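See below for work_22.txt, which holds compact mmCIF, C-alpha atoms and all ligand atoms.
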# COMPACT_ATOMS: atom_id res chain seq x y z
CA MET A 1 55.96 -280.84 -24.65
CA ALA A 2 56.93 -277.64 -26.44
CA THR A 3 60.28 -277.01 -28.08
CA LEU A 4 60.98 -273.30 -28.25
CA ILE A 5 63.76 -271.98 -30.45
CA VAL A 6 64.42 -268.54 -29.04
CA LYS A 7 66.42 -266.34 -31.40
CA CYS A 8 67.80 -263.97 -28.80
CA THR A 9 70.02 -262.29 -31.39
CA THR A 10 70.49 -262.32 -35.13
CA ARG A 11 74.08 -261.09 -34.80
CA CYS A 12 76.94 -263.53 -35.30
CA ASN A 13 80.72 -263.30 -34.98
CA SER A 14 81.25 -265.91 -37.68
CA ASN A 15 80.45 -266.13 -41.36
CA CYS A 16 79.69 -269.79 -42.11
CA ILE A 17 79.10 -270.21 -45.79
CA TYR A 18 75.96 -272.35 -45.47
CA CYS A 19 74.25 -270.38 -42.69
CA GLU A 20 70.64 -269.64 -43.60
CA ALA A 21 70.44 -266.88 -40.98
CA ILE A 22 73.32 -264.94 -42.55
CA HIS A 23 71.96 -265.31 -46.04
CA ALA A 24 68.46 -264.34 -44.96
CA LYS A 25 69.93 -260.78 -44.78
CA HIS A 26 68.36 -260.06 -41.42
CA VAL A 27 68.81 -256.74 -39.74
CA CYS A 28 71.09 -257.31 -36.72
CA LYS A 29 68.86 -257.38 -33.68
CA ASP A 30 68.92 -258.55 -30.07
CA MET A 31 65.91 -259.62 -28.03
CA SER A 32 65.25 -256.97 -25.37
CA LEU A 33 65.02 -258.05 -21.74
CA GLN A 34 61.49 -256.70 -21.76
CA LEU A 35 60.53 -259.13 -24.51
CA LEU A 36 62.43 -261.94 -22.82
CA GLU A 37 60.22 -261.34 -19.76
CA MET A 38 57.20 -261.80 -22.02
CA VAL A 39 58.64 -265.11 -23.28
CA PHE A 40 59.10 -266.43 -19.72
CA ALA A 41 55.60 -265.25 -18.76
CA ARG A 42 54.20 -267.21 -21.75
CA ILE A 43 56.21 -270.28 -20.74
CA ASP A 44 54.84 -270.09 -17.21
CA GLU A 45 51.31 -269.75 -18.60
CA TYR A 46 51.86 -272.80 -20.86
CA LEU A 47 53.32 -274.97 -18.09
CA ARG A 48 50.63 -274.08 -15.57
CA ALA A 49 47.99 -275.42 -17.97
CA GLY A 50 49.18 -279.03 -17.48
CA SER A 51 51.34 -280.65 -14.84
CA GLU A 52 52.72 -283.14 -17.40
CA ARG A 53 53.91 -280.35 -19.71
CA THR A 54 57.57 -279.52 -20.28
CA VAL A 55 59.41 -276.88 -22.31
CA THR A 56 62.74 -277.21 -24.06
CA PHE A 57 64.17 -273.69 -24.35
CA THR A 58 66.83 -273.54 -27.06
CA TRP A 59 68.86 -270.34 -27.03
CA HIS A 60 69.56 -269.68 -30.69
CA GLY A 61 70.83 -266.99 -32.99
CA GLY A 62 72.95 -265.72 -34.63
CA GLU A 63 75.42 -266.36 -31.85
CA PRO A 64 73.72 -266.22 -28.41
CA LEU A 65 76.96 -265.67 -26.47
CA LEU A 66 77.38 -262.27 -28.16
CA LEU A 67 74.78 -260.99 -25.68
CA GLY A 68 77.30 -261.32 -22.83
CA ALA A 69 77.17 -262.94 -19.40
CA ASP A 70 75.07 -260.12 -17.89
CA TYR A 71 72.22 -260.94 -20.28
CA TYR A 72 72.08 -264.49 -18.94
CA ARG A 73 72.26 -263.26 -15.34
CA ALA A 74 69.23 -261.12 -16.10
CA ALA A 75 67.51 -264.08 -17.82
CA ARG A 76 68.12 -266.22 -14.74
CA ASP A 77 66.55 -263.55 -12.54
CA VAL A 78 63.55 -263.23 -14.85
CA GLN A 79 63.04 -267.00 -14.83
CA ASP A 80 63.34 -267.13 -11.02
CA ARG A 81 60.77 -264.37 -10.70
CA LEU A 82 58.20 -265.38 -13.34
CA CYS A 83 58.55 -269.18 -13.35
CA ALA A 84 59.25 -269.78 -9.68
CA ASP A 85 57.05 -272.91 -9.56
CA THR A 86 57.37 -274.11 -13.15
CA LYS A 87 61.11 -273.71 -13.79
CA PRO A 88 61.93 -277.37 -12.91
CA ARG A 89 60.01 -278.26 -16.09
CA ILE A 90 62.10 -275.96 -18.31
CA ARG A 91 65.10 -277.61 -19.94
CA HIS A 92 67.65 -275.21 -21.42
CA CYS A 93 70.14 -275.84 -24.21
CA MET A 94 72.03 -273.49 -26.48
CA GLN A 95 73.03 -273.58 -30.13
CA SER A 96 76.37 -271.79 -30.14
CA ASN A 97 79.62 -271.80 -32.07
CA LEU A 98 81.31 -271.83 -28.58
CA THR A 99 84.04 -269.47 -29.76
CA LEU A 100 83.08 -266.82 -27.19
CA LEU A 101 82.53 -269.12 -24.22
CA ASN A 102 84.56 -268.12 -21.19
CA GLU A 103 84.38 -268.77 -17.44
CA GLN A 104 82.19 -265.70 -16.84
CA PHE A 105 79.30 -267.35 -18.64
CA ILE A 106 79.39 -270.59 -16.69
CA ALA A 107 77.70 -269.63 -13.41
CA PRO A 108 74.74 -267.73 -14.92
CA LEU A 109 74.19 -270.37 -17.60
CA LYS A 110 74.25 -273.20 -15.09
CA GLN A 111 72.00 -271.31 -12.69
CA LEU A 112 69.58 -270.82 -15.56
CA GLY A 113 69.56 -274.60 -15.98
CA LEU A 114 71.67 -274.96 -19.11
CA THR A 115 73.60 -278.21 -19.25
CA SER A 116 74.69 -278.63 -22.86
CA PHE A 117 75.55 -276.89 -26.11
CA GLY A 118 74.96 -277.81 -29.72
CA SER A 119 77.62 -276.54 -32.08
CA SER A 120 78.88 -276.88 -35.63
CA TYR A 121 82.27 -278.20 -36.69
CA GLY A 122 84.10 -279.32 -39.79
CA PRO A 123 87.76 -279.54 -40.77
CA GLU A 124 87.44 -277.91 -44.21
CA LEU A 125 89.14 -274.57 -44.73
CA HIS A 126 87.14 -271.40 -45.44
CA VAL A 127 83.69 -272.98 -44.97
CA ARG A 128 83.11 -271.90 -41.36
CA GLY A 129 85.10 -269.03 -39.99
CA PHE A 130 85.60 -265.42 -39.05
CA GLY A 131 85.58 -262.52 -41.49
CA ALA A 132 85.11 -262.21 -45.22
CA ASN A 133 87.73 -264.89 -45.93
CA ARG A 134 86.28 -267.28 -43.29
CA ASP A 135 89.31 -267.86 -41.11
CA SER A 136 88.49 -271.45 -40.18
CA ILE A 137 91.76 -272.09 -38.35
CA ALA A 138 91.09 -269.29 -35.86
CA TYR A 139 87.44 -270.37 -35.64
CA ASN A 140 88.23 -274.01 -34.85
CA ARG A 141 90.90 -273.01 -32.32
CA ALA A 142 88.37 -270.79 -30.51
CA LEU A 143 85.65 -273.45 -30.76
CA PHE A 144 87.83 -276.08 -29.07
CA ARG A 145 88.91 -273.59 -26.42
CA GLY A 146 85.21 -273.00 -25.65
CA ALA A 147 84.44 -276.74 -25.74
CA ALA A 148 87.24 -277.37 -23.22
CA ILE A 149 85.74 -274.75 -20.89
CA ALA A 150 82.32 -276.42 -21.20
CA GLU A 151 83.79 -279.87 -20.44
CA ARG A 152 85.84 -278.55 -17.52
CA ASN A 153 82.60 -277.27 -16.01
CA GLY A 154 80.68 -280.49 -16.53
CA MET A 155 78.63 -279.24 -19.50
CA GLY A 156 78.07 -281.38 -22.57
CA TRP A 157 78.46 -280.41 -26.20
CA GLY A 158 77.71 -282.04 -29.52
CA PHE A 159 77.99 -280.81 -33.05
CA ILE A 160 76.50 -280.90 -36.50
CA TYR A 161 78.78 -281.64 -39.41
CA VAL A 162 77.35 -280.15 -42.61
CA VAL A 163 77.89 -282.47 -45.56
CA THR A 164 78.96 -280.58 -48.69
CA LYS A 165 80.51 -281.50 -52.04
CA GLN A 166 83.90 -281.32 -50.33
CA SER A 167 82.85 -284.08 -47.91
CA LEU A 168 82.43 -286.64 -50.67
CA ALA A 169 86.13 -287.10 -51.47
CA ASP A 170 87.09 -289.26 -48.47
CA PRO A 171 84.09 -290.16 -46.27
CA ILE A 172 85.95 -292.69 -44.06
CA GLY A 173 88.88 -290.37 -43.38
CA LEU A 174 86.48 -287.57 -42.56
CA PHE A 175 84.35 -289.81 -40.32
CA ASN A 176 87.40 -290.96 -38.36
CA LEU A 177 88.43 -287.38 -37.81
CA LEU A 178 84.95 -286.41 -36.55
CA ALA A 179 84.49 -289.53 -34.43
CA ASN A 180 87.88 -289.24 -32.77
CA LEU A 181 87.58 -285.63 -31.67
CA ARG A 182 86.47 -286.95 -28.29
CA PRO A 183 85.52 -290.53 -27.36
CA GLY A 184 81.75 -290.99 -27.21
CA GLN A 185 81.13 -287.55 -28.76
CA SER A 186 77.69 -287.24 -30.31
CA PHE A 187 77.44 -285.69 -33.73
CA SER A 188 75.08 -285.46 -36.62
CA MET A 189 75.81 -285.37 -40.35
CA ASN A 190 73.27 -283.15 -42.13
CA PRO A 191 73.20 -282.22 -45.82
CA VAL A 192 74.05 -278.64 -46.71
CA ILE A 193 71.08 -276.45 -47.69
CA VAL A 194 72.40 -273.93 -50.18
CA THR A 195 70.40 -270.71 -50.15
CA ASP A 196 72.93 -268.45 -51.86
CA GLU A 197 73.55 -269.21 -55.54
CA ARG A 198 77.19 -268.12 -55.16
CA ASN A 199 77.74 -271.26 -53.05
CA ARG A 200 76.07 -273.63 -55.49
CA ASP A 201 79.34 -275.61 -55.89
CA LEU A 202 78.95 -276.85 -52.28
CA ALA A 203 75.53 -278.38 -52.91
CA ILE A 204 74.99 -282.14 -52.93
CA THR A 205 72.18 -284.09 -54.52
CA PRO A 206 69.92 -286.41 -52.51
CA ALA A 207 71.64 -289.38 -54.23
CA GLU A 208 75.10 -288.10 -53.28
CA TYR A 209 74.03 -287.69 -49.67
CA ALA A 210 72.65 -291.27 -49.64
CA ASP A 211 75.91 -292.62 -51.10
CA PHE A 212 77.95 -290.62 -48.57
CA LEU A 213 75.97 -292.19 -45.71
CA GLY A 214 76.15 -295.56 -47.44
CA ALA A 215 79.94 -295.41 -47.61
CA LEU A 216 80.06 -294.93 -43.83
CA PHE A 217 77.24 -297.10 -42.60
CA PRO A 218 78.99 -300.55 -42.62
CA TYR A 219 81.96 -298.99 -40.80
CA TRP A 220 79.70 -297.39 -38.17
CA LEU A 221 77.76 -300.64 -37.76
CA ARG A 222 80.94 -302.63 -37.12
CA HIS A 223 82.09 -300.18 -34.46
CA ARG A 224 78.70 -299.16 -33.10
CA ASP A 225 79.77 -299.59 -29.48
CA ARG A 226 82.29 -296.78 -30.01
CA PHE A 227 80.19 -294.55 -32.29
CA SER A 228 76.71 -294.93 -30.84
CA GLU A 229 75.65 -291.29 -30.92
CA VAL A 230 76.25 -290.64 -34.62
CA GLN A 231 73.17 -289.41 -36.49
CA PRO A 232 71.31 -290.23 -38.64
CA PHE A 233 72.62 -293.81 -38.18
CA GLU A 234 71.60 -294.27 -34.56
CA SER A 235 68.11 -292.99 -35.26
CA TYR A 236 67.63 -295.39 -38.21
CA TYR A 237 69.01 -298.25 -36.15
CA GLN A 238 66.81 -297.63 -33.12
CA ASN A 239 63.69 -297.11 -35.20
CA ILE A 240 64.09 -299.94 -37.70
CA VAL A 241 66.03 -302.62 -35.82
CA HIS A 242 64.67 -302.03 -32.31
CA GLY A 243 61.26 -300.58 -33.27
CA LYS A 244 61.70 -297.60 -30.95
CA ARG A 245 60.22 -294.33 -32.05
CA HIS A 246 62.64 -291.46 -31.53
CA LEU A 247 61.99 -289.17 -34.46
CA GLY A 248 63.43 -285.73 -35.06
CA CYS A 249 61.21 -282.91 -36.31
CA VAL A 250 61.73 -283.71 -39.98
CA ASP A 251 60.66 -287.36 -39.59
CA SER A 252 57.93 -287.05 -36.98
CA GLY A 253 55.10 -285.67 -39.10
CA GLN A 254 54.09 -283.67 -36.03
CA CYS A 255 56.54 -280.80 -35.68
CA HIS A 256 53.60 -278.38 -35.85
CA GLY A 257 52.29 -279.62 -32.51
CA HIS A 258 55.52 -278.96 -30.65
CA HIS A 259 57.99 -276.60 -32.34
CA LEU A 260 57.90 -272.85 -32.16
CA ASN A 261 60.46 -270.25 -33.17
CA ILE A 262 60.50 -266.85 -31.45
CA ASP A 263 62.41 -264.09 -33.24
CA PRO A 264 64.02 -261.09 -31.47
CA ASP A 265 60.87 -259.00 -32.00
CA GLY A 266 58.60 -261.72 -30.65
CA GLY A 267 57.42 -262.99 -34.06
CA LEU A 268 56.31 -266.63 -33.94
CA SER A 269 57.00 -269.14 -36.66
CA GLN A 270 57.16 -272.91 -36.94
CA CYS A 271 60.95 -273.10 -36.64
CA GLY A 272 64.13 -271.25 -37.54
CA ARG A 273 64.02 -272.50 -41.09
CA SER A 274 60.47 -271.28 -41.69
CA GLU A 275 61.19 -267.92 -40.05
CA GLU A 276 64.21 -267.38 -42.29
CA ARG A 277 62.01 -268.15 -45.31
CA GLY A 278 59.22 -265.86 -44.11
CA ILE A 279 56.62 -268.64 -44.04
CA MET A 280 54.53 -270.38 -41.33
CA ASN A 281 54.00 -267.20 -39.33
CA TRP A 282 51.81 -267.79 -36.28
CA GLY A 283 51.61 -264.28 -34.78
CA SER A 284 53.56 -262.58 -32.00
CA ILE A 285 54.39 -263.73 -28.48
CA ILE A 286 53.12 -260.34 -27.31
CA ASP A 287 49.48 -261.19 -28.00
CA THR A 288 49.58 -264.93 -28.68
CA SER A 289 49.94 -267.72 -26.15
CA ILE A 290 52.13 -270.73 -26.85
CA ASP A 291 49.02 -272.91 -27.03
CA GLU A 292 47.41 -270.59 -29.57
CA ALA A 293 50.52 -270.53 -31.75
CA LEU A 294 50.86 -274.33 -31.67
CA ALA A 295 47.18 -274.62 -32.59
CA ARG A 296 47.73 -272.37 -35.63
CA GLY A 297 50.54 -274.67 -36.76
CA ARG A 298 48.39 -277.76 -36.25
CA GLU A 299 45.57 -276.21 -38.25
CA ALA A 300 47.84 -275.24 -41.16
CA MET A 301 49.34 -278.75 -41.35
CA SER A 302 46.19 -280.71 -40.56
CA GLY A 303 45.64 -283.58 -42.93
CA ARG A 304 49.15 -283.49 -44.44
CA VAL A 305 50.19 -286.86 -43.04
CA ASP A 306 46.93 -288.52 -44.21
CA VAL A 307 47.21 -286.99 -47.68
CA LEU A 308 50.76 -288.32 -48.05
CA ARG A 309 50.01 -291.74 -46.60
CA ASP A 310 47.20 -292.21 -49.14
CA GLY A 311 49.01 -290.46 -51.98
CA GLU A 312 52.68 -289.90 -52.75
CA CYS A 313 53.91 -292.16 -49.92
CA ARG A 314 51.34 -294.92 -50.39
CA GLY A 315 52.85 -298.34 -49.72
CA CYS A 316 56.20 -297.03 -48.49
CA GLY A 317 57.45 -299.14 -45.60
CA ALA A 318 59.39 -296.21 -44.22
CA PHE A 319 56.29 -294.07 -43.69
CA SER A 320 56.16 -294.54 -39.93
CA ILE A 321 59.69 -293.18 -39.57
CA CYS A 322 59.48 -290.49 -42.25
CA HIS A 323 55.94 -289.14 -42.75
CA GLY A 324 56.99 -287.44 -45.97
CA GLY A 325 59.73 -285.28 -44.42
CA CYS A 326 59.85 -281.55 -43.78
CA PRO A 327 56.81 -279.59 -45.01
CA ILE A 328 59.04 -276.64 -45.89
CA ASP A 329 60.67 -278.71 -48.64
CA SER A 330 57.19 -279.27 -50.03
CA PHE A 331 56.32 -275.57 -49.79
CA LEU A 332 59.51 -274.42 -51.52
CA SER A 333 58.81 -276.69 -54.50
CA TRP A 334 55.02 -276.58 -54.70
CA SER A 335 53.86 -273.56 -52.65
CA ASP A 336 51.83 -275.88 -50.44
CA TYR A 337 52.51 -278.45 -47.76
CA ALA A 338 50.80 -281.45 -49.31
CA HIS A 339 53.83 -283.04 -50.98
CA LYS A 340 56.71 -285.16 -49.79
CA SER A 341 60.23 -283.77 -49.41
CA HIS A 342 62.73 -284.19 -52.25
CA TRP A 343 65.00 -285.85 -49.63
CA CYS A 344 62.73 -288.88 -50.10
CA GLU A 345 65.26 -290.00 -52.71
CA THR A 346 68.02 -290.06 -50.07
CA ARG A 347 65.94 -292.08 -47.67
CA LYS A 348 64.88 -294.69 -50.20
CA ARG A 349 68.32 -295.07 -51.74
CA PHE A 350 70.13 -295.28 -48.39
CA LEU A 351 67.66 -297.78 -46.95
CA LYS A 352 67.45 -299.98 -50.05
CA GLN A 353 71.07 -300.05 -51.08
CA TYR A 354 72.90 -299.81 -47.77
CA PHE A 355 70.99 -299.96 -44.51
CA LEU A 356 68.45 -302.78 -44.97
CA PRO A 357 70.88 -305.31 -46.52
CA ALA A 358 73.46 -304.57 -43.81
CA VAL A 359 71.08 -305.08 -40.87
CA GLY A 360 69.13 -307.94 -42.52
CA VAL A 361 65.69 -306.32 -42.27
CA GLU A 362 63.13 -306.51 -45.08
CA MET A 363 61.06 -303.45 -45.82
CA ALA A 364 59.27 -302.28 -48.99
CA VAL A 365 60.65 -298.83 -49.80
S1 LIG B 401 59.02 -277.24 -40.65
FE1 LIG B 401 60.66 -278.75 -41.11
S2 LIG B 401 62.55 -277.97 -40.14
FE2 LIG B 401 60.78 -276.85 -39.27
S3 LIG B 401 60.27 -277.95 -37.37
FE3 LIG B 401 58.96 -278.78 -39.03
S4 LIG B 401 60.10 -280.53 -39.91
FE4 LIG B 401 61.53 -279.34 -38.64
S1 LIG B 402 60.75 -292.40 -47.95
FE1 LIG B 402 59.67 -291.13 -49.46
S2 LIG B 402 57.82 -292.27 -50.00
FE2 LIG B 402 58.64 -293.13 -48.07
S3 LIG B 402 57.53 -292.04 -46.44
FE3 LIG B 402 59.46 -290.95 -46.81
S4 LIG B 402 58.94 -289.33 -48.31
FE4 LIG B 402 57.27 -290.85 -48.33
Entire entry expressed as structure tokens:
Amino acid sequence: MATLIVKCTTRCNSNCIYCEAIHAKHVCKDMSLQLLEMVFARIDEYLRAGSERTVTFTWHGGEPLLLGADYYRAARDVQDRLCADTKPRIRHCMQSNLTLLNEQFIAPLKQLGLTSFGSSYGPELHVRGFGANRDSIAYNRALFRGAAIAERNGMGWGFIYVVTKQSLADPIGLFNLLANLRPGQSFSMNPVIVTDERNRDLAITPAEYADFLGALFPYWLRHRDRFSEVQPFESYYQNIVHGKRHLGCVDSGQCHGHHLNIDPDGGLSQCGRSEERGIMNWGSIIDTSIDEALARGREAMSGRVDVLRDGECRGCGAFSICHGGCPIDSFLSWSDYAHKSHWCETRKRFLKQYFLPAVGVEMAV
């Protein structure tokens, strides 16, 4: 299975304070339809090489809806033409702020095969929003208008809530607000990654993030039937209590075998985060197949998991659900991939102090 993050544009109509794409100071660019054809041709080539293979195609940006409904009509036609036999094995999703979604997008997106959106929401003022002053009231109004259009048309949506210093004041109040936006709504609480020193006051430490999760975990556990799709809790619960292995990229220790980011010029990198940092470059979609790019990632990361298991993570009971975390964290601190992530502290503290006592499981972490 390959997960492609296709950055069809670097433009965005919003100005979220924590957005790595905005702070990466990219030139505004859209992916041409000619290059998009190349992407679909590569997908067809990849899928034809194995009948068990699937592709998750994540439309990403910037804000993908800025390209307009005609772009997605053209994409649908390209897919129909170049992936006529393989398109049932392509699953589409889109990372969008939803503020531009209108009825004109629905038919082409559905015909393309898109069934759900991932978005970003938070109630704080002037963190996400339009313009220099980040008009978050107008942003949230437009987001919920778009979400209602998605729901009306039978399309799902979930969101990421970015945990910042402001989130620490009243975790339960905040959680209730997020969880009650819509019954059964899935959402994920991720720590802010501050890349612009001017926003340093939003940053949280690994210990603060662990304590934030710890303040919420007993509450979530008591009401799990209502809040089942809240991450990272559900993932911890499934993996540790039920022994199921559903690991996201950061925990899997194998992102390099599956993930690939394609920028608007066709540049290939491990993921959006690595592309924005200018690392893990695996060539161009123009002269590199998906298999070749994934192999370059595998080669660059080969041995990392073994080195960590026998070294920095030796004896840690959480290894099978963590694998040392994201290799980019290692690279940013050490200029190589052979170290564990600094978010190790969050994992150990949350598990030891909050999760394991609450669920009654013993584990050496
Ligand atoms: S490098 Fe890190 S963020 Fe990127 S896909 Fe791998 S684990 Fe995920
Ligand atoms: S919690 Fe820390 S020591 Fe344990 S596997 Fe993860 S990174 Fe390694």
Practice problem: Please identify the residues whose atoms come within 8 Å of ligand LIG 401 (chain B), using only C-alpha atoms and all ligand atoms, and report them as a ChimeraX atom specification. | Solution: /A:248-256,259-260,270-274,325-329
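For ligand LIG 402 (chain B), the neighbouring protein, DNA and RNA residues, which are those within 8 Å when only C-alpha atoms and all ligand atoms are counted, are A:Leu308, A:Arg309, A:Glu312, A:Cys313, A:Arg314, A:Gly315, A:Cys316, A:Gly317, A:Ala318, A:Phe319, A:Ser320, A:Ile321, A:Cys322, A:His323, A:Gly324, A:Gly325, A:Lys340, A:Ser341, A:His342, A:Trp343, A:Cys344, A:Glu345, A:Thr346, A:Arg347, A:Lys348, A:Val365.
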Quiz item: Taking into account only C-alpha atoms, which residue in the set A:Ala84, A:Trp282, A:Arg304, A:Tyr72 is nearest to Leu47 (chain A)?
Solution: A:Ala84
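Nearest residue to Ile137 (chain A) among A:Asp211, A:Asp85, A:Glu124, A:Asp30 is A:Glu124, counting only C-alpha atoms.
Relative to CA of Leu66 (chain A), CA of Asp80 (chain A) is found at 22.7 Å.
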Quiz item: When distances are computed from only C-alpha atoms, which of A:Asn261, A:Ser186, A:Ser335, A:Ser116 shows the smallest separation from Val6 (chain A)?
Solution: A:Asn261
Neighbour list for Val359 (chain A) as a PDB file with C-alpha atoms, in the frame of the given file, cut-off 12 Å, only C-alpha atoms, skip fewer than 5 positions in-chain:
ATOM      1  CA  PHE A 217      77.240-297.100 -42.600  1.00  0.00           C
ATOM      2  CA  PRO A 218      78.990-300.550 -42.620  1.00  0.00           C
ATOM      3  CA  TRP A 220      79.700-297.390 -38.170  1.00  0.00           C
ATOM      4  CA  LEU A 221      77.760-300.640 -37.760  1.00  0.00           C
ATOM      5  CA  ARG A 222      80.940-302.630 -37.120  1.00  0.00           C
ATOM      6  CA  PHE A 233      72.620-293.810 -38.180  1.00  0.00           C
ATOM      7  CA  TYR A 236      67.630-295.390 -38.210  1.00  0.00           C
ATOM      8  CA  TYR A 237      69.010-298.250 -36.150  1.00  0.00           C
ATOM      9  CA  GLN A 238      66.810-297.630 -33.120  1.00  0.00           C
ATOM     10  CA  ILE A 240      64.090-299.940 -37.700  1.00  0.00           C
ATOM     11  CA  VAL A 241      66.030-302.620 -35.820  1.00  0.00           C
ATOM     12  CA  HIS A 242      64.670-302.030 -32.310  1.00  0.00           C
ATOM     13  CA  LEU A 351      67.660-297.780 -46.950  1.00  0.00           C
ATOM     14  CA  LYS A 352      67.450-299.980 -50.050  1.00  0.00           C
ATOM     15  CA  GLN A 353      71.070-300.050 -51.080  1.00  0.00           C
ATOM     16  CA  TYR A 354      72.900-299.810 -47.770  1.00  0.00           C
TER      17      TYR A 354
END
Dump as JSON lines the rows for residues of region 168-250 of chain A within 12 Å of region 146-156 of chain A: closest atom pair and distance in Å with one decimal, all atoms listed in the file counted, ordered by chain and rising residue number.
{"residue": "A:Leu181", "atom": "CA", "partner": "A:Ala147", "partner_atom": "CA", "distance": 11.1}
{"residue": "A:Arg182", "atom": "CA", "partner": "A:Ala147", "partner_atom": "CA", "distance": 10.7}
{"residue": "A:Gly184", "atom": "CA", "partner": "A:Gly156", "partner_atom": "CA", "distance": 11.3}
{"residue": "A:Gln185", "atom": "CA", "partner": "A:Gly156", "partner_atom": "CA", "distance": 9.3}
{"residue": "A:Ser186", "atom": "CA", "partner": "A:Gly156", "partner_atom": "CA", "distance": 9.7}
{"residue": "A:Phe187", "atom": "CA", "partner": "A:Gly156", "partner_atom": "CA", "distance": 12.0}
Any chance you can output those residues with C-alpha atoms as a short mmCIF file (atom, residue, chain, number, x, y, z; two decimals), in the coordinates of the input?
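Output contents, as saved in result_35.cif:
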data_model
loop_
_atom_site.label_atom_id
_atom_site.label_comp_id
_atom_site.auth_asym_id
_atom_site.auth_seq_id
_atom_site.Cartn_x
_atom_site.Cartn_y
_atom_site.Cartn_z
CA LEU A 181 87.58 -285.63 -31.67
CA ARG A 182 86.47 -286.95 -28.29
CA GLY A 184 81.75 -290.99 -27.21
CA GLN A 185 81.13 -287.55 -28.76
CA SER A 186 77.69 -287.24 -30.31
CA PHE A 187 77.44 -285.69 -33.73
#
Exercise. Excluding Ala75 (chain A) and any residue of its chain fewer than 6 positions from it, enumerate the residues within 9 Å of it, using all atoms listed in the file, and give them as a ChimeraX atom specification.
Key: /A:33,36-37,40,108,112
Which polymer residues, whether protein, DNA or RNA, lie within 12 Å of the coordinate (60.5, -257.1, -34.3) when you count only C-alpha atoms? List them as a short mmCIF file (atom, residue, chain, number, x, y, z; two decimals) with C-alpha atoms, in the coordinates of the input, using the chain letters and numbers from the file.
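Everything below was put into point.cif:
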data_model
loop_
_atom_site.label_atom_id
_atom_site.label_comp_id
_atom_site.auth_asym_id
_atom_site.auth_seq_id
_atom_site.Cartn_x
_atom_site.Cartn_y
_atom_site.Cartn_z
CA LYS A 7 66.42 -266.34 -31.40
CA CYS A 8 67.80 -263.97 -28.80
CA THR A 9 70.02 -262.29 -31.39
CA THR A 10 70.49 -262.32 -35.13
CA HIS A 26 68.36 -260.06 -41.42
CA VAL A 27 68.81 -256.74 -39.74
CA CYS A 28 71.09 -257.31 -36.72
CA LYS A 29 68.86 -257.38 -33.68
CA ASP A 30 68.92 -258.55 -30.07
CA MET A 31 65.91 -259.62 -28.03
CA SER A 32 65.25 -256.97 -25.37
CA LEU A 35 60.53 -259.13 -24.51
CA ILE A 262 60.50 -266.85 -31.45
CA ASP A 263 62.41 -264.09 -33.24
CA PRO A 264 64.02 -261.09 -31.47
CA ASP A 265 60.87 -259.00 -32.00
CA GLY A 266 58.60 -261.72 -30.65
CA GLY A 267 57.42 -262.99 -34.06
CA LEU A 268 56.31 -266.63 -33.94
CA GLY A 283 51.61 -264.28 -34.78
CA SER A 284 53.56 -262.58 -32.00
CA ILE A 285 54.39 -263.73 -28.48
CA ILE A 286 53.12 -260.34 -27.31
#
Quiz item: Using all atoms listed in the file, which of A:Ile290, A:Leu82, A:Met280, A:Ile204 sits nearest His258 (chain A)?
Solution: A:Ile290
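Relative to CA of Ala203 (chain A), CA of Glu276 (chain A) is found at 19.0 Å.
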Practice problem: Go through A:Asn13, A:Ser119, A:Ser269, A:Gln231 one by one, measure the shortest atom-to-atom distance of each to Ala179 (chain A) using only C-alpha atoms, and give the residue with the smallest value. | Solution: A:Gln231
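Residue nearest Asn140 (chain A) within the list A:Glu234, A:Asn176, A:Leu213, A:Ser14: A:Ser14 [criterion: smallest interatomic distance, all atoms listed in the file].
What separates CA of Leu216 (chain A) from CA of Tyr18 (chain A) is a distance of 23.0 Å.
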Quiz prompt | Close residues, region 87-96 of chain A itself excluded, 7 Å, only C-alpha atoms, min 6 positions apart in chain, as a ChimeraX atom specification | solution = /A:54-60,63-64,113-119
Kindly output region 353-358 of chain A as a JSON list (two decimals), keeping the file's coordinate frame, after building N, CA, C and O atoms.
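Result saved to result13.json:
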[["chain", "number", "residue", "atom", "x", "y", "z"],
["A", 353, "GLN", "N", 69.75, -299.61, -50.61],
["A", 353, "GLN", "CA", 71.07, -300.05, -51.08],
["A", 353, "GLN", "C", 72.04, -300.35, -49.95],
["A", 353, "GLN", "O", 72.96, -301.14, -50.12],
["A", 354, "TYR", "N", 71.87, -299.72, -48.81],
["A", 354, "TYR", "CA", 72.90, -299.81, -47.77],
["A", 354, "TYR", "C", 72.37, -300.34, -46.44],
["A", 354, "TYR", "O", 72.86, -301.32, -45.92],
["A", 355, "PHE", "N", 71.38, -299.65, -45.89],
["A", 355, "PHE", "CA", 70.99, -299.96, -44.51],
["A", 355, "PHE", "C", 70.32, -301.33, -44.38],
["A", 355, "PHE", "O", 70.76, -302.18, -43.60],
["A", 356, "LEU", "N", 69.24, -301.56, -45.15],
["A", 356, "LEU", "CA", 68.45, -302.78, -44.97],
["A", 356, "LEU", "C", 69.27, -304.04, -45.25],
["A", 356, "LEU", "O", 69.23, -304.99, -44.44],
["A", 357, "PRO", "N", 70.06, -304.11, -46.33],
["A", 357, "PRO", "CA", 70.88, -305.31, -46.52],
["A", 357, "PRO", "C", 71.87, -305.51, -45.37],
["A", 357, "PRO", "O", 72.11, -306.63, -44.95],
["A", 358, "ALA", "N", 72.43, -304.44, -44.85],
["A", 358, "ALA", "CA", 73.46, -304.57, -43.81],
["A", 358, "ALA", "C", 72.89, -305.07, -42.48],
["A", 358, "ALA", "O", 73.53, -305.81, -41.77]]
